[in-house]
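Presented below is the structure to which this report refers.
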Amino acid sequence: MSDIVKYLPEAAIPGGGAPQWEVADAERWRAARVPAVFGPVAGGWILAALVVLTVVVQGRGGHASGSAGTSWTGYPGAVLLFALPAWYRFLPAAAVVAAAPLVALDAVRRMLGADGPGPAACWLLVALSALALTGALMRLRSRSRQRALVLAAAEGARSPVPDHLPKGHSRRGLRLVLAGGALCLAAVGLLVWGLVQDLGAAREAPYDAAGQQLTALLLLVAGTPLLGRGLSARGAALRLHDGPQPVLRVGVRHHSSGRHWLFADARTVTARPLVAFRDRFADNHPRPGRLLVGGSPRRLRNEHHDIDERSEPFEAVMYGAPCEGAEVLLEFALYEEERTIVSHVTAAPLLPHRRHSFRPWTPAGTSYAPLRRAAEERERARRAARRSRRSDGGSSACGSSDGGGCGGCGGGGD
């Protein structure tokens with residue numbers, strides 16, 4: 001990316017203003033997150049481990065059906081059980097409405113007729129269903145609280161999103177929707193095939209559709225989260241166009257891992273990272289931005305110095321309310337040429353990651369690009385000098401040899 005300006009020029013601020021996100025307000029937003037154990041990543045892995053444990057316990061019970069043909073009674077519950085960790089990870093609302101309660105009801109139904117080790121597996125089902133329901137409700141409440149905190153911090157400042165948006169924003173979620181929809185349609189086709197064959201089979205020769213059921217289960221476990229995640233991502237992008245959005249001035253710092261982070265501002269060195277997003281080409285694809293400042297290179301670099309974005313944060317205007325599962329737009333300033341500064345917009349679907357490896361930073365206070373170019377020029381000069389010394393050393397060694405050594409170079413061809 002081009003040279004990023006540390007602080008926004010006045011022309012980059014929307015007409016209605018953009019207040020600074022105060023560190024105290026940002027810390028309240030940060031504190032509104034759910035505990036890590038109920039977070040989408042940790043909670044999803046915990047649920048996956050409980051699902052595996054439940055299957056193992058249930059398998060030891062040896063409750064194999066002695067009836068011939070295909071059993072369809074427990075199939076919906078099995079699909080919901082195996083899909084629950086992914087639904088919790090990506091679709092907490094779906095986990096609240098469908099997966100968790102239905103898994104619990106299926107467990108209670110099975111518990112009433114179970115014996116031996118069956119109740120143990122059913123109690124595990126009830127426990128993981130309760131965990132999923134509790135965590136998903138907490139996450140939905142956390143989203144609502146974080147939105148409210150952002151709206152309060154914006155103090156009524158709102159503005160329509162910029163016009164020059166990257167292509168990734170307009171195409172958000174389409175690939176996931178297509179992939180998930182294709183997998184779900186394939187699963188439905190397999191189930192319809194198995195059901196028709198089962199219903200049409202004679203009693204003396206029942207049809208076993210276990211193969212179709214297993215394949216469809218795998219497709220649904222993979223397809224439903226993809227489809228739901230794509231629809232959620234697309235909805236988060238479209239909500240930014242539902243009228244003027246809350247705007248705040250924030251800090252952004254790049255990380256070499258590809259995950260970049262929002263800070264409360266670009267001035268407070270003690271401010272902690274708040275939320276991460278990925279730096280993808282499609283979300284940064286350059287489109288013509290608006291001209292912010294023009295003038296002589298010396299004056300621009302003095303008044304609007306650029307920075308090394310991996311060493312310290314830079315200032316940006318944030319459009320939208322950040323929370324888990326949301327997308328925001330970040331508009332900042334960069335040098336298009338030495339004489340012009342233009343605006344640039346990054347689309348940032350937010351990530352649930354909490355760990356980072358940022359070191360404390362101190363403001364450089366001066367333009368980074370001229371220093372970098374001077375260092376690169378010195379390095380090129382050093383490499384050229386080394387090549388020159390090696391070349392001069394080889395020719396002088398050949399020229400200074402007494403007779404015999406030089407004859408080998410010249411090739412004595414008489």
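Residue numbering restarts at 1 for every chain of the structure tokens, chains are lettered A, B, ... in their displayed order, and ligands are numbered from 1 as they appear.
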Long-range neighbours of Ala216 in chain A as a PyMOL selection string, 7 Å cut-off, only C-alpha atoms, 6 positions minimum in chain: chain A and resi 187+190-191
In range 69-245 of chain A, DSSP alpha helix (DSSP H) residues written as a ChimeraX atom specification: /A:75-90,92-94,100-112,118-154,167-170,174-200,210-239
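Proximity of A:Leu128, A:Ala347, A:Val150, A:Val96 to His164 in chain A, computed with only C-alpha atoms, is greatest for A:Ala347.
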Can you pull out the residues contacting range 367-383 of chain A? Cut-off 9 Å, using only C-alpha atoms, and skip same-chain residues under 6 positions away; I want them as a PyMOL selection string. chain A and resi 3+5-6+301-302+304-308
10 Å contact set for Leu240 in chain A, only C-alpha atoms, chain neighbours under 3 positions out, as a list in words: Pro160, Val161, Gly235, Ala236, Ala237, Gly243, Pro244, Gln245, Pro246, Tyr319, Gly320, Ala321, Ala326, Glu327, Val328 and Leu329 of chain A
Save the residues we just selected, N, CA, C and O atoms, as a PDB file, in the first residue's frame?
ATOM      1  N   PRO A 160     -23.490   9.077   5.450  1.00  0.00           N
ATOM      2  CA  PRO A 160     -23.541   7.997   4.465  1.00  0.00           C
ATOM      3  C   PRO A 160     -22.133   7.461   4.198  1.00  0.00           C
ATOM      4  O   PRO A 160     -21.141   8.180   4.333  1.00  0.00           O
ATOM      5  N   VAL A 161     -22.055   6.191   3.822  1.00  0.00           N
ATOM      6  CA  VAL A 161     -20.766   5.588   3.557  1.00  0.00           C
ATOM      7  C   VAL A 161     -20.167   6.188   2.284  1.00  0.00           C
ATOM      8  O   VAL A 161     -20.891   6.720   1.428  1.00  0.00           O
ATOM      9  N   GLY A 235     -25.531  -9.796   4.818  1.00  0.00           N
ATOM     10  CA  GLY A 235     -26.408  -8.904   5.561  1.00  0.00           C
ATOM     11  C   GLY A 235     -25.635  -7.824   6.307  1.00  0.00           C
ATOM     12  O   GLY A 235     -26.058  -6.670   6.366  1.00  0.00           O
ATOM     13  N   ALA A 236     -24.472  -8.195   6.871  1.00  0.00           N
ATOM     14  CA  ALA A 236     -23.656  -7.201   7.580  1.00  0.00           C
ATOM     15  C   ALA A 236     -23.154  -6.122   6.629  1.00  0.00           C
ATOM     16  O   ALA A 236     -23.089  -4.941   6.990  1.00  0.00           O
ATOM     17  N   ALA A 237     -22.801  -6.505   5.398  1.00  0.00           N
ATOM     18  CA  ALA A 237     -22.355  -5.514   4.415  1.00  0.00           C
ATOM     19  C   ALA A 237     -23.509  -4.630   3.950  1.00  0.00           C
ATOM     20  O   ALA A 237     -23.350  -3.410   3.796  1.00  0.00           O
ATOM     21  N   GLY A 243     -28.918   3.672   5.220  1.00  0.00           N
ATOM     22  CA  GLY A 243     -28.978   5.044   5.700  1.00  0.00           C
ATOM     23  C   GLY A 243     -27.668   5.482   6.321  1.00  0.00           C
ATOM     24  O   GLY A 243     -26.687   4.728   6.353  1.00  0.00           O
ATOM     25  N   PRO A 244     -27.599   6.714   6.824  1.00  0.00           N
ATOM     26  CA  PRO A 244     -26.368   7.217   7.432  1.00  0.00           C
ATOM     27  C   PRO A 244     -25.914   6.340   8.599  1.00  0.00           C
ATOM     28  O   PRO A 244     -26.724   5.871   9.394  1.00  0.00           O
ATOM     29  N   GLN A 245     -24.613   6.126   8.678  1.00  0.00           N
ATOM     30  CA  GLN A 245     -24.023   5.266   9.691  1.00  0.00           C
ATOM     31  C   GLN A 245     -23.327   6.092  10.767  1.00  0.00           C
ATOM     32  O   GLN A 245     -22.846   7.202  10.503  1.00  0.00           O
ATOM     33  N   PRO A 246     -23.233   5.557  11.999  1.00  0.00           N
ATOM     34  CA  PRO A 246     -22.436   6.252  13.017  1.00  0.00           C
ATOM     35  C   PRO A 246     -20.971   6.303  12.592  1.00  0.00           C
ATOM     36  O   PRO A 246     -20.443   5.345  12.014  1.00  0.00           O
ATOM     37  N   TYR A 319     -16.940   3.873   9.696  1.00  0.00           N
ATOM     38  CA  TYR A 319     -18.375   3.914   9.414  1.00  0.00           C
ATOM     39  C   TYR A 319     -18.992   2.598   9.876  1.00  0.00           C
ATOM     40  O   TYR A 319     -18.556   1.516   9.473  1.00  0.00           O
ATOM     41  N   GLY A 320     -20.033   2.694  10.712  1.00  0.00           N
ATOM     42  CA  GLY A 320     -20.694   1.497  11.197  1.00  0.00           C
ATOM     43  C   GLY A 320     -20.396   1.251  12.661  1.00  0.00           C
ATOM     44  O   GLY A 320     -19.531   1.886  13.269  1.00  0.00           O
ATOM     45  N   ALA A 321     -21.134   0.287  13.239  1.00  0.00           N
ATOM     46  CA  ALA A 321     -20.992  -0.055  14.656  1.00  0.00           C
ATOM     47  C   ALA A 321     -20.274  -1.398  14.770  1.00  0.00           C
ATOM     48  O   ALA A 321     -20.834  -2.430  14.402  1.00  0.00           O
ATOM     49  N   ALA A 326     -19.970  -8.162  12.647  1.00  0.00           N
ATOM     50  CA  ALA A 326     -20.292  -6.968  11.876  1.00  0.00           C
ATOM     51  C   ALA A 326     -19.196  -6.671  10.863  1.00  0.00           C
ATOM     52  O   ALA A 326     -18.116  -7.264  10.881  1.00  0.00           O
ATOM     53  N   GLU A 327     -19.484  -5.745   9.969  1.00  0.00           N
ATOM     54  CA  GLU A 327     -18.506  -5.211   9.029  1.00  0.00           C
ATOM     55  C   GLU A 327     -18.526  -3.693   9.153  1.00  0.00           C
ATOM     56  O   GLU A 327     -19.591  -3.086   9.297  1.00  0.00           O
ATOM     57  N   VAL A 328     -17.351  -3.101   9.133  1.00  0.00           N
ATOM     58  CA  VAL A 328     -17.234  -1.643   9.157  1.00  0.00           C
ATOM     59  C   VAL A 328     -16.393  -1.206   7.970  1.00  0.00           C
ATOM     60  O   VAL A 328     -15.694  -2.015   7.345  1.00  0.00           O
ATOM     61  N   LEU A 329     -16.486   0.077   7.655  1.00  0.00           N
ATOM     62  CA  LEU A 329     -15.674   0.682   6.600  1.00  0.00           C
ATOM     63  C   LEU A 329     -14.711   1.667   7.240  1.00  0.00           C
ATOM     64  O   LEU A 329     -15.095   2.446   8.124  1.00  0.00           O
TER      65      LEU A 329
END
Measure the distance from CA of Gly173 in chain A to CA of Pro225 in chain A in Å and round it to one decimal. 12.1 Å
What does the distance from CA of Gly77 in chain A to CA of Leu102 in chain A come to in Å, to one decimal?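 A separation of 7.1 Å between them.
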